[in-house]
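Q: File follows, upload-v1.cif with mmCIF, C-alpha atoms and all ligand atoms; chains and numbers go by the auth columns:
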data_coords
loop_
_atom_site.group_PDB
_atom_site.id
_atom_site.type_symbol
_atom_site.label_atom_id
_atom_site.label_comp_id
_atom_site.label_asym_id
_atom_site.label_seq_id
_atom_site.Cartn_x
_atom_site.Cartn_y
_atom_site.Cartn_z
_atom_site.B_iso_or_equiv
_atom_site.auth_seq_id
_atom_site.auth_asym_id
ATOM 1 C CA TRP A 1 86.887 11.874 18.918 0.00 19 A
ATOM 2 C CA ASN A 2 84.964 12.916 15.873 0.00 20 A
ATOM 3 C CA TYR A 3 85.646 10.220 13.289 0.00 21 A
ATOM 4 C CA HIS A 4 83.631 12.011 10.626 0.00 22 A
ATOM 5 C CA VAL A 5 86.465 14.447 9.976 0.00 23 A
ATOM 6 C CA THR A 6 88.931 11.644 9.252 0.00 24 A
ATOM 7 C CA HIS A 7 90.957 12.190 6.112 0.00 25 A
ATOM 8 C CA PHE A 8 93.482 10.295 4.026 0.00 26 A
ATOM 9 C CA VAL A 9 97.114 11.161 4.752 0.00 27 A
ATOM 10 C CA THR A 10 99.348 8.804 2.873 0.00 28 A
ATOM 11 C CA SER A 11 100.000 5.265 1.716 0.00 29 A
ATOM 12 C CA ALA A 12 102.999 3.131 2.532 0.00 30 A
ATOM 13 C CA PRO A 13 104.219 0.101 0.585 0.00 31 A
ATOM 14 C CA ASP A 14 105.106 -1.719 3.794 0.00 32 A
ATOM 15 C CA VAL A 15 105.487 -1.199 7.510 0.00 33 A
ATOM 16 C CA ARG A 16 109.067 0.032 7.179 0.00 34 A
ATOM 17 C CA HIS A 17 107.823 3.039 5.256 0.00 35 A
ATOM 18 C CA LEU A 18 105.207 4.196 7.721 0.00 36 A
ATOM 19 C CA PRO A 19 105.499 7.728 9.074 0.00 37 A
ATOM 20 C CA ASP A 20 107.178 8.434 12.398 0.00 38 A
ATOM 21 C CA ASP A 21 106.222 6.163 15.233 0.00 39 A
ATOM 22 C CA THR A 22 104.678 8.951 17.303 0.00 40 A
ATOM 23 C CA GLY A 23 101.173 9.772 18.476 0.00 41 A
ATOM 24 C CA ALA A 24 98.535 7.076 18.597 0.00 42 A
ATOM 25 C CA GLU A 25 97.077 4.762 15.988 0.00 43 A
ATOM 26 C CA VAL A 26 94.616 1.899 15.707 0.00 44 A
ATOM 27 C CA ALA A 27 95.047 -0.637 12.928 0.00 45 A
ATOM 28 C CA PHE A 28 92.308 -2.394 10.966 0.00 46 A
ATOM 29 C CA ALA A 29 92.980 -5.866 9.631 0.00 47 A
ATOM 30 C CA GLY A 30 90.988 -8.615 8.012 0.00 48 A
ATOM 31 C CA ARG A 31 90.789 -11.100 5.192 0.00 49 A
ATOM 32 C CA SER A 32 90.131 -9.461 1.864 0.00 50 A
ATOM 33 C CA ASN A 33 86.411 -9.012 1.357 0.00 51 A
ATOM 34 C CA ALA A 34 85.706 -9.132 5.120 0.00 52 A
ATOM 35 C CA GLY A 35 84.112 -5.693 4.930 0.00 53 A
ATOM 36 C CA LYS A 36 87.012 -3.590 6.216 0.00 54 A
ATOM 37 C CA SER A 37 86.633 -0.720 3.758 0.00 55 A
ATOM 38 C CA SER A 38 82.896 -0.614 4.315 0.00 56 A
ATOM 39 C CA ALA A 39 83.449 -0.489 8.083 0.00 57 A
ATOM 40 C CA LEU A 40 85.941 2.385 7.814 0.00 58 A
ATOM 41 C CA ASN A 41 83.536 4.242 5.564 0.00 59 A
ATOM 42 C CA ALA A 42 80.638 3.609 7.965 0.00 60 A
ATOM 43 C CA LEU A 43 82.670 4.752 10.967 0.00 61 A
ATOM 44 C CA THR A 44 83.747 7.960 9.287 0.00 62 A
ATOM 45 C CA GLN A 45 80.450 8.443 7.436 0.00 63 A
ATOM 46 C CA GLN A 46 82.353 8.860 4.210 0.00 64 A
ATOM 47 C CA LYS A 47 81.359 7.022 1.087 0.00 65 A
ATOM 48 C CA SER A 48 84.792 6.372 -0.284 0.00 66 A
ATOM 49 C CA LEU A 49 87.420 7.093 2.335 0.00 67 A
ATOM 50 C CA ALA A 50 88.688 3.532 2.147 0.00 68 A
ATOM 51 C CA ARG A 51 88.644 1.956 -1.271 0.00 69 A
ATOM 52 C CA THR A 52 89.274 -1.659 -2.039 0.00 70 A
ATOM 53 C CA SER A 53 91.929 -2.713 -4.463 0.00 71 A
ATOM 54 C CA LYS A 54 90.398 -5.945 -5.565 0.00 72 A
ATOM 55 C CA THR A 55 93.159 -7.238 -7.790 0.00 73 A
ATOM 56 C CA PRO A 56 94.603 -10.366 -6.204 0.00 74 A
ATOM 57 C CA GLY A 57 98.360 -10.504 -6.047 0.00 75 A
ATOM 58 C CA ARG A 58 98.790 -6.819 -6.647 0.00 76 A
ATOM 59 C CA THR A 59 100.941 -5.016 -4.130 0.00 77 A
ATOM 60 C CA GLN A 60 98.555 -3.670 -1.569 0.00 78 A
ATOM 61 C CA LEU A 61 99.311 -0.504 0.277 0.00 79 A
ATOM 62 C CA ILE A 62 98.874 0.397 3.889 0.00 80 A
ATOM 63 C CA ASN A 63 96.607 3.451 3.994 0.00 81 A
ATOM 64 C CA LEU A 64 96.864 5.998 6.747 0.00 82 A
ATOM 65 C CA PHE A 65 94.017 8.219 7.806 0.00 83 A
ATOM 66 C CA GLN A 66 94.146 11.043 10.283 0.00 84 A
ATOM 67 C CA VAL A 67 91.342 11.655 12.767 0.00 85 A
ATOM 68 C CA ALA A 68 93.098 14.540 14.493 0.00 86 A
ATOM 69 C CA ASP A 69 96.650 15.674 15.059 0.00 87 A
ATOM 70 C CA GLY A 70 98.661 12.566 16.012 0.00 88 A
ATOM 71 C CA ILE A 71 95.555 10.325 15.952 0.00 89 A
ATOM 72 C CA ARG A 72 95.524 7.826 13.072 0.00 90 A
ATOM 73 C CA LEU A 73 93.599 4.916 11.651 0.00 91 A
ATOM 74 C CA VAL A 74 95.757 2.414 9.774 0.00 92 A
ATOM 75 C CA ASP A 75 94.138 0.337 7.049 0.00 93 A
ATOM 76 C CA LEU A 76 96.297 -2.770 6.685 0.00 94 A
ATOM 77 C CA PRO A 77 96.268 -4.794 3.453 0.00 95 A
ATOM 78 C CA GLY A 78 93.608 -7.497 3.345 0.00 96 A
ATOM 79 C CA TYR A 79 95.021 -10.974 3.677 0.00 97 A
ATOM 80 C CA GLY A 80 93.995 -14.433 2.603 0.00 98 A
ATOM 81 C CA TYR A 81 93.828 -14.185 -1.182 0.00 99 A
ATOM 82 C CA ALA A 82 94.080 -17.759 -2.430 0.00 100 A
ATOM 83 C CA GLU A 83 95.730 -16.576 -5.640 0.00 101 A
ATOM 84 C CA VAL A 84 98.676 -14.864 -3.961 0.00 102 A
ATOM 85 C CA PRO A 85 101.995 -16.729 -4.229 0.00 103 A
ATOM 86 C CA GLU A 86 103.292 -18.293 -1.010 0.00 104 A
ATOM 87 C CA GLU A 87 106.364 -16.083 -1.047 0.00 105 A
ATOM 88 C CA VAL A 88 104.263 -12.903 -1.113 0.00 106 A
ATOM 89 C CA LYS A 89 101.992 -14.269 1.613 0.00 107 A
ATOM 90 C CA ARG A 90 104.954 -15.000 3.844 0.00 108 A
ATOM 91 C CA LYS A 91 106.297 -11.476 3.356 0.00 109 A
ATOM 92 C CA TRP A 92 102.958 -9.926 4.292 0.00 110 A
ATOM 93 C CA GLN A 93 102.702 -12.056 7.393 0.00 111 A
ATOM 94 C CA LYS A 94 106.232 -11.273 8.432 0.00 112 A
ATOM 95 C CA SER A 95 105.782 -7.539 8.071 0.00 113 A
ATOM 96 C CA LEU A 96 102.370 -7.520 9.767 0.00 114 A
ATOM 97 C CA GLY A 97 103.829 -9.471 12.667 0.00 115 A
ATOM 98 C CA GLU A 98 106.719 -7.029 12.893 0.00 116 A
ATOM 99 C CA TYR A 99 104.392 -4.065 12.842 0.00 117 A
ATOM 100 C CA LEU A 100 102.350 -5.417 15.749 0.00 118 A
ATOM 101 C CA GLU A 101 105.498 -6.138 17.676 0.00 119 A
ATOM 102 C CA VAL A 102 107.489 -2.953 17.296 0.00 120 A
ATOM 103 C CA ARG A 103 105.061 -0.127 16.646 0.00 121 A
ATOM 104 C CA GLN A 104 104.892 2.061 19.751 0.00 122 A
ATOM 105 C CA ALA A 105 102.045 4.209 18.459 0.00 123 A
ATOM 106 C CA LEU A 106 99.799 1.186 18.029 0.00 124 A
ATOM 107 C CA LYS A 107 97.120 1.270 20.743 0.00 125 A
ATOM 108 C CA GLY A 108 94.719 -1.342 19.472 0.00 126 A
ATOM 109 C CA LEU A 109 93.871 -3.701 16.646 0.00 127 A
ATOM 110 C CA VAL A 110 90.472 -4.121 15.030 0.00 128 A
ATOM 111 C CA VAL A 111 90.136 -7.464 13.245 0.00 129 A
ATOM 112 C CA LEU A 112 87.193 -7.741 10.889 0.00 130 A
ATOM 113 C CA MET A 113 85.781 -11.177 10.177 0.00 131 A
ATOM 114 C CA ASP A 114 82.785 -12.155 8.102 0.00 132 A
ATOM 115 C CA ILE A 115 80.269 -13.472 10.637 0.00 133 A
ATOM 116 C CA ARG A 116 79.643 -16.499 8.436 0.00 134 A
ATOM 117 C CA HIS A 117 83.254 -17.696 8.568 0.00 135 A
ATOM 118 C CA PRO A 118 85.194 -16.108 11.438 0.00 136 A
ATOM 119 C CA MET A 119 88.517 -16.997 13.050 0.00 137 A
ATOM 120 C CA LYS A 120 90.263 -18.441 10.031 0.00 138 A
ATOM 121 C CA GLU A 121 93.909 -19.315 10.486 0.00 139 A
ATOM 122 C CA LEU A 122 95.276 -15.899 9.533 0.00 140 A
ATOM 123 C CA ASP A 123 92.676 -14.159 11.711 0.00 141 A
ATOM 124 C CA GLN A 124 93.842 -16.208 14.667 0.00 142 A
ATOM 125 C CA GLN A 125 97.421 -15.396 13.770 0.00 143 A
ATOM 126 C CA MET A 126 96.672 -11.660 13.877 0.00 144 A
ATOM 127 C CA VAL A 127 94.963 -11.911 17.255 0.00 145 A
ATOM 128 C CA THR A 128 97.765 -14.068 18.629 0.00 146 A
ATOM 129 C CA TRP A 129 100.434 -11.580 17.536 0.00 147 A
ATOM 130 C CA ALA A 130 98.527 -8.647 18.977 0.00 148 A
ATOM 131 C CA ILE A 131 98.015 -10.337 22.328 0.00 149 A
ATOM 132 C CA ALA A 132 101.670 -11.388 22.431 0.00 150 A
ATOM 133 C CA SER A 133 102.547 -7.695 22.052 0.00 151 A
ATOM 134 C CA GLU A 134 99.935 -6.685 24.631 0.00 152 A
ATOM 135 C CA ILE A 135 97.856 -4.883 22.037 0.00 153 A
ATOM 136 C CA PRO A 136 94.125 -5.059 22.843 0.00 154 A
ATOM 137 C CA VAL A 137 91.897 -6.479 20.111 0.00 155 A
ATOM 138 C CA LEU A 138 88.379 -5.716 18.954 0.00 156 A
ATOM 139 C CA VAL A 139 86.928 -8.436 16.745 0.00 157 A
ATOM 140 C CA LEU A 140 84.060 -7.219 14.582 0.00 158 A
ATOM 141 C CA LEU A 141 81.816 -9.892 13.115 0.00 159 A
ATOM 142 C CA THR A 142 80.914 -8.128 9.906 0.00 160 A
ATOM 143 C CA LYS A 143 77.902 -8.433 7.624 0.00 161 A
ATOM 144 C CA ALA A 144 75.848 -9.449 10.675 0.00 162 A
ATOM 145 C CA ASP A 145 72.755 -8.563 8.627 0.00 163 A
ATOM 146 C CA LYS A 146 73.409 -11.711 6.587 0.00 164 A
ATOM 147 C CA LEU A 147 72.242 -13.899 9.476 0.00 165 A
ATOM 148 C CA ALA A 148 68.876 -14.052 11.219 0.00 166 A
ATOM 149 C CA SER A 149 68.962 -12.789 14.778 0.00 167 A
ATOM 150 C CA GLY A 150 69.068 -16.253 16.389 0.00 168 A
ATOM 151 C CA ALA A 151 71.976 -17.451 14.268 0.00 169 A
ATOM 152 C CA ARG A 152 73.715 -14.135 14.780 0.00 170 A
ATOM 153 C CA LYS A 153 73.568 -14.428 18.577 0.00 171 A
ATOM 154 C CA LYS A 154 74.733 -18.016 18.445 0.00 172 A
ATOM 155 C CA GLN A 155 77.706 -17.095 16.281 0.00 173 A
ATOM 156 C CA LEU A 156 78.586 -14.191 18.587 0.00 174 A
ATOM 157 C CA ALA A 157 78.513 -16.475 21.626 0.00 175 A
ATOM 158 C CA MET A 158 80.642 -19.041 19.817 0.00 176 A
ATOM 159 C CA VAL A 159 83.322 -16.553 18.789 0.00 177 A
ATOM 160 C CA ARG A 160 83.348 -14.985 22.262 0.00 178 A
ATOM 161 C CA GLU A 161 83.876 -18.413 23.744 0.00 179 A
ATOM 162 C CA ALA A 162 86.656 -19.200 21.260 0.00 180 A
ATOM 163 C CA SER A 163 88.358 -15.867 21.931 0.00 181 A
ATOM 164 C CA LEU A 164 88.901 -16.783 25.583 0.00 182 A
ATOM 165 C CA ALA A 165 91.620 -19.140 24.370 0.00 183 A
ATOM 166 C CA PHE A 166 93.798 -16.153 23.434 0.00 184 A
ATOM 167 C CA MET A 167 93.997 -15.249 27.115 0.00 185 A
ATOM 168 C CA GLY A 168 94.209 -11.560 26.406 0.00 186 A
ATOM 169 C CA ASN A 169 92.176 -8.435 25.929 0.00 187 A
ATOM 170 C CA VAL A 170 89.876 -9.517 23.091 0.00 188 A
ATOM 171 C CA GLN A 171 86.380 -8.089 22.738 0.00 189 A
ATOM 172 C CA VAL A 172 83.968 -9.454 20.145 0.00 190 A
ATOM 173 C CA GLU A 173 81.028 -7.495 18.737 0.00 191 A
ATOM 174 C CA LEU A 174 78.503 -7.729 15.932 0.00 192 A
ATOM 175 C CA PHE A 175 78.874 -5.314 13.055 0.00 193 A
ATOM 176 C CA SER A 176 77.021 -4.364 9.920 0.00 194 A
ATOM 177 C CA SER A 177 77.952 -1.417 7.753 0.00 195 A
ATOM 178 C CA LEU A 178 74.755 -1.956 5.826 0.00 196 A
ATOM 179 C CA LYS A 179 72.469 -1.837 8.883 0.00 197 A
ATOM 180 C CA LYS A 180 74.686 0.560 10.840 0.00 198 A
ATOM 181 C CA MET A 181 75.103 -2.027 13.574 0.00 199 A
ATOM 182 C CA GLY A 182 78.042 -1.905 15.992 0.00 200 A
ATOM 183 C CA ILE A 183 79.349 1.474 14.887 0.00 201 A
ATOM 184 C CA ASP A 184 78.905 2.956 18.387 0.00 202 A
ATOM 185 C CA LYS A 185 80.735 0.010 19.931 0.00 203 A
ATOM 186 C CA LEU A 186 83.593 0.579 17.506 0.00 204 A
ATOM 187 C CA SER A 187 83.855 4.326 18.066 0.00 205 A
ATOM 188 C CA HIS A 188 83.682 3.900 21.853 0.00 206 A
ATOM 189 C CA LYS A 189 86.489 1.366 21.718 0.00 207 A
ATOM 190 C CA LEU A 190 88.598 3.685 19.571 0.00 208 A
ATOM 191 C CA ASP A 191 87.909 6.550 22.000 0.00 209 A
ATOM 192 C CA GLU A 192 89.051 4.335 24.859 0.00 210 A
ATOM 193 C CA TRP A 193 92.257 3.315 23.100 0.00 211 A
ATOM 194 C CA PHE A 194 93.080 6.836 21.955 0.00 212 A
ATOM 195 C CA THR A 195 92.504 8.255 25.430 0.00 213 A
ATOM 196 C CA GLU A 196 94.679 5.832 27.396 0.00 214 A
HETATM 197 P P1 LIG B . 87.238 -5.336 2.242 0.00 1 B
HETATM 198 O O1 LIG B . 87.867 -6.090 1.126 0.00 1 B
HETATM 199 O O2 LIG B . 87.467 -6.018 3.561 0.00 1 B
HETATM 200 O O3 LIG B . 87.594 -3.896 2.294 0.00 1 B
HETATM 201 O O4 LIG B . 85.642 -5.469 2.049 0.00 1 B
HETATM 202 P P2 LIG B . 84.586 -4.432 1.449 0.00 1 B
HETATM 203 O O5 LIG B . 84.252 -3.386 2.451 0.00 1 B
HETATM 204 O O6 LIG B . 85.026 -3.981 0.105 0.00 1 B
HETATM 205 O O7 LIG B . 83.308 -5.393 1.344 0.00 1 B
HETATM 206 C C1 LIG B . 83.369 -6.612 0.618 0.00 1 B
HETATM 207 C C2 LIG B . 81.980 -6.971 0.117 0.00 1 B
HETATM 208 O O8 LIG B . 81.100 -7.182 1.222 0.00 1 B
HETATM 209 C C3 LIG B . 81.338 -5.878 -0.708 0.00 1 B
HETATM 210 O O9 LIG B . 80.622 -6.484 -1.753 0.00 1 B
HETATM 211 C C4 LIG B . 80.404 -5.183 0.257 0.00 1 B
HETATM 212 O O10 LIG B . 79.286 -4.613 -0.370 0.00 1 B
HETATM 213 C C5 LIG B . 79.987 -6.315 1.174 0.00 1 B
HETATM 214 N N1 LIG B . 79.681 -5.821 2.532 0.00 1 B
HETATM 215 C C6 LIG B . 80.481 -5.061 3.308 0.00 1 B
HETATM 216 N N2 LIG B . 79.878 -4.761 4.479 0.00 1 B
HETATM 217 C C7 LIG B . 78.667 -5.339 4.451 0.00 1 B
HETATM 218 C C8 LIG B . 77.562 -5.392 5.376 0.00 1 B
HETATM 219 O O11 LIG B . 77.577 -4.847 6.468 0.00 1 B
HETATM 220 N N3 LIG B . 76.481 -6.126 4.992 0.00 1 B
HETATM 221 C C9 LIG B . 76.409 -6.760 3.783 0.00 1 B
HETATM 222 N N4 LIG B . 75.308 -7.470 3.515 0.00 1 B
HETATM 223 N N5 LIG B . 77.430 -6.711 2.888 0.00 1 B
HETATM 224 C C10 LIG B . 78.529 -6.017 3.198 0.00 1 B
#
In structure tokens, how does this file's structure come out?
A:
Amino acid sequence: WNYHVTHFVTSAPDVRHLPDDTGAEVAFAGRSNAGKSSALNALTQQKSLARTSKTPGRTQLINLFQVADGIRLVDLPGYGYAEVPEEVKRKWQKSLGEYLEVRQALKGLVVLMDIRHPMKELDQQMVTWAIASEIPVLVLLTKADKLASGARKKQLAMVREASLAFMGNVQVELFSSLKKMGIDKLSHKLDEWFTE
């Protein structure tokens, strides 16, 4: 697929308000500030397709982008803001879990994690839910340019090792929007998921 022609379709306040569960979609998740918007922009070669709403606690929307007819990218709200009240956090988690469980159109989940602190509790939760629903996962270790190549490889090996514990289809790759690293891996994975 040509991801460069991706365009914004609509926003939804929560998973219950997503458009019809038809066609195929891949969701992008990650802690806020993990580099999710930058990755979507790098993939689509668009400067401001995905924009960050940086205000903690504010209701975050799910953004839907269309690659082609019936082919969508779903930008899930960033999680892990310390400032967000417990109640709001619980609601997010519940609805994200539900989405992964019931959404028929969902063909894969991309989880973005800052290479310097990957696999935090909520990241693991996301992967666990996806695997439980037999959704394949691509973990992108973002901002890989922040580490020297030795440390980068070590971190990749460590996360790959850790991901075996999920006992499911979890692939881990390095990514840097800044250095255009891992973009091919991402687009190939999306192609694979959208073609199945
Ligand atoms: P989001 O909250 O997950 O959507 O994260 P953003 O894409 O807004 O990125 C959060 C911060 O990380 C911003 O300051 C970006 O400039 C920075 N960032 C994102 N990707 C990269 C990258 O590949 N390399 C570096 N060095 N910084 C990045």
Q: Can you list, as a count of residues only, the residues that the PyMOL selection byres (((chain A and resi 42-56) around 9) and not hetatm) selects here?
A: 53
Q: Hey, can you check how far atom CA of Val155 of chain A sits from atom P2 of ligand LIG 1 (chain B)?
A: 20.1 Å
Q: Write out as a PyMOL selection string each polymer residue whose atoms come within 12 Å of Ala175 of chain A, counting only C-alpha atoms; drop sequence neighbours fewer than 4 positions from it.
A: chain A and resi 133+159+168-171+179-182+189-192
Q: Between atom CA of Glu152 of chain A and atom CA of Trp19 of chain A, what is the spacing in Å?
A: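 Going from atom CA of Trp19 of chain A over to atom CA of Glu152 of chain A covers 23.4 Å.
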Q: Draw an axis-aligned box tight on the listed atoms of ligand LIG 1 (chain B), then pad every side by 8 Å and write out centre and edge lengths in Å to one decimal as JSON.
A:
{"center_x": 81.6, "center_y": -5.4, "center_z": 2.4, "size_x": 28.6, "size_y": 20.1, "size_z": 24.2}
Q: Show which residues sit within 10 Å of Ala150 of chain A, as a PyMOL selection string. Count only C-alpha atoms, and ignore same-chain residues fewer than 5 positions away.
A: chain A and resi 118-119+144-145+184-186
Q: Report the distance between atom C10 of ligand LIG 1 (chain B) and atom CA of Leu36 of chain A in Å, rounded to one decimal place.
A: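 Here the two named atoms are 28.9 Å from each other.
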Q: From the options A:Val33, A:Val102, A:Leu79, A:Ala86, which residue's atoms come nearest to Leu114 of chain A, counting all atoms listed in the file?
A: A:Val33
Q: Can you tell me, as a list in words, what residues are no more than 7 Å from Ser29 of chain A when counting only C-alpha atoms, ignoring any on the same chain fewer than 5 positions away?
A: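 Skipping anything fewer than 5 positions along the chain leaves Leu79, Ile80, Asn81 and Leu82 of chain A.
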Q: To verify the selection step, state as a list of chain:residue names which residues the PyMOL selection byres (((chain A and resi 21) around 8) and not hetatm) yields on this input.
A: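 This file, filtered by the PyMOL selection byres (((chain A and resi 21) around 8) and not hetatm), leaves A:Trp19, A:Asn20, A:His22, A:Val23, A:Thr24, A:Leu61, A:Thr62, A:Val85, A:Ser205.
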Q: Rebuild segment 131-144 of chain A so that it carries N, CA and C atoms, then output the result as a short mmCIF file (atom, residue, chain, number, x, y, z; two decimals), in the frame of the given file.
A:
data_model
loop_
_atom_site.label_atom_id
_atom_site.label_comp_id
_atom_site.auth_asym_id
_atom_site.auth_seq_id
_atom_site.Cartn_x
_atom_site.Cartn_y
_atom_site.Cartn_z
N MET A 131 86.00 -9.81 10.67
CA MET A 131 85.78 -11.18 10.18
C MET A 131 84.34 -11.32 9.74
N ASP A 132 84.14 -11.87 8.58
CA ASP A 132 82.78 -12.16 8.10
C ASP A 132 82.11 -13.09 9.10
N ILE A 133 80.95 -12.70 9.59
CA ILE A 133 80.27 -13.47 10.64
C ILE A 133 79.99 -14.92 10.21
N ARG A 134 79.95 -15.15 8.92
CA ARG A 134 79.64 -16.50 8.44
C ARG A 134 80.85 -17.42 8.43
N HIS A 135 82.06 -16.85 8.44
CA HIS A 135 83.25 -17.70 8.57
C HIS A 135 84.38 -16.96 9.29
N PRO A 136 84.22 -16.83 10.62
CA PRO A 136 85.19 -16.11 11.44
C PRO A 136 86.37 -16.98 11.89
N MET A 137 87.38 -16.32 12.41
CA MET A 137 88.52 -17.00 13.05
C MET A 137 89.21 -18.03 12.16
N LYS A 138 89.44 -17.63 10.92
CA LYS A 138 90.26 -18.44 10.03
C LYS A 138 91.70 -18.37 10.55
N GLU A 139 92.54 -19.20 9.99
CA GLU A 139 93.91 -19.32 10.49
C GLU A 139 94.63 -17.98 10.59
N LEU A 140 94.56 -17.18 9.52
CA LEU A 140 95.28 -15.90 9.53
C LEU A 140 94.65 -14.90 10.51
N ASP A 141 93.34 -15.01 10.71
CA ASP A 141 92.68 -14.16 11.71
C ASP A 141 93.24 -14.49 13.09
N GLN A 142 93.33 -15.76 13.37
CA GLN A 142 93.84 -16.21 14.67
C GLN A 142 95.29 -15.76 14.86
N GLN A 143 96.03 -15.84 13.75
CA GLN A 143 97.42 -15.40 13.77
C GLN A 143 97.52 -13.92 14.18
N MET A 144 96.68 -13.10 13.57
CA MET A 144 96.67 -11.66 13.88
C MET A 144 96.38 -11.42 15.35
#
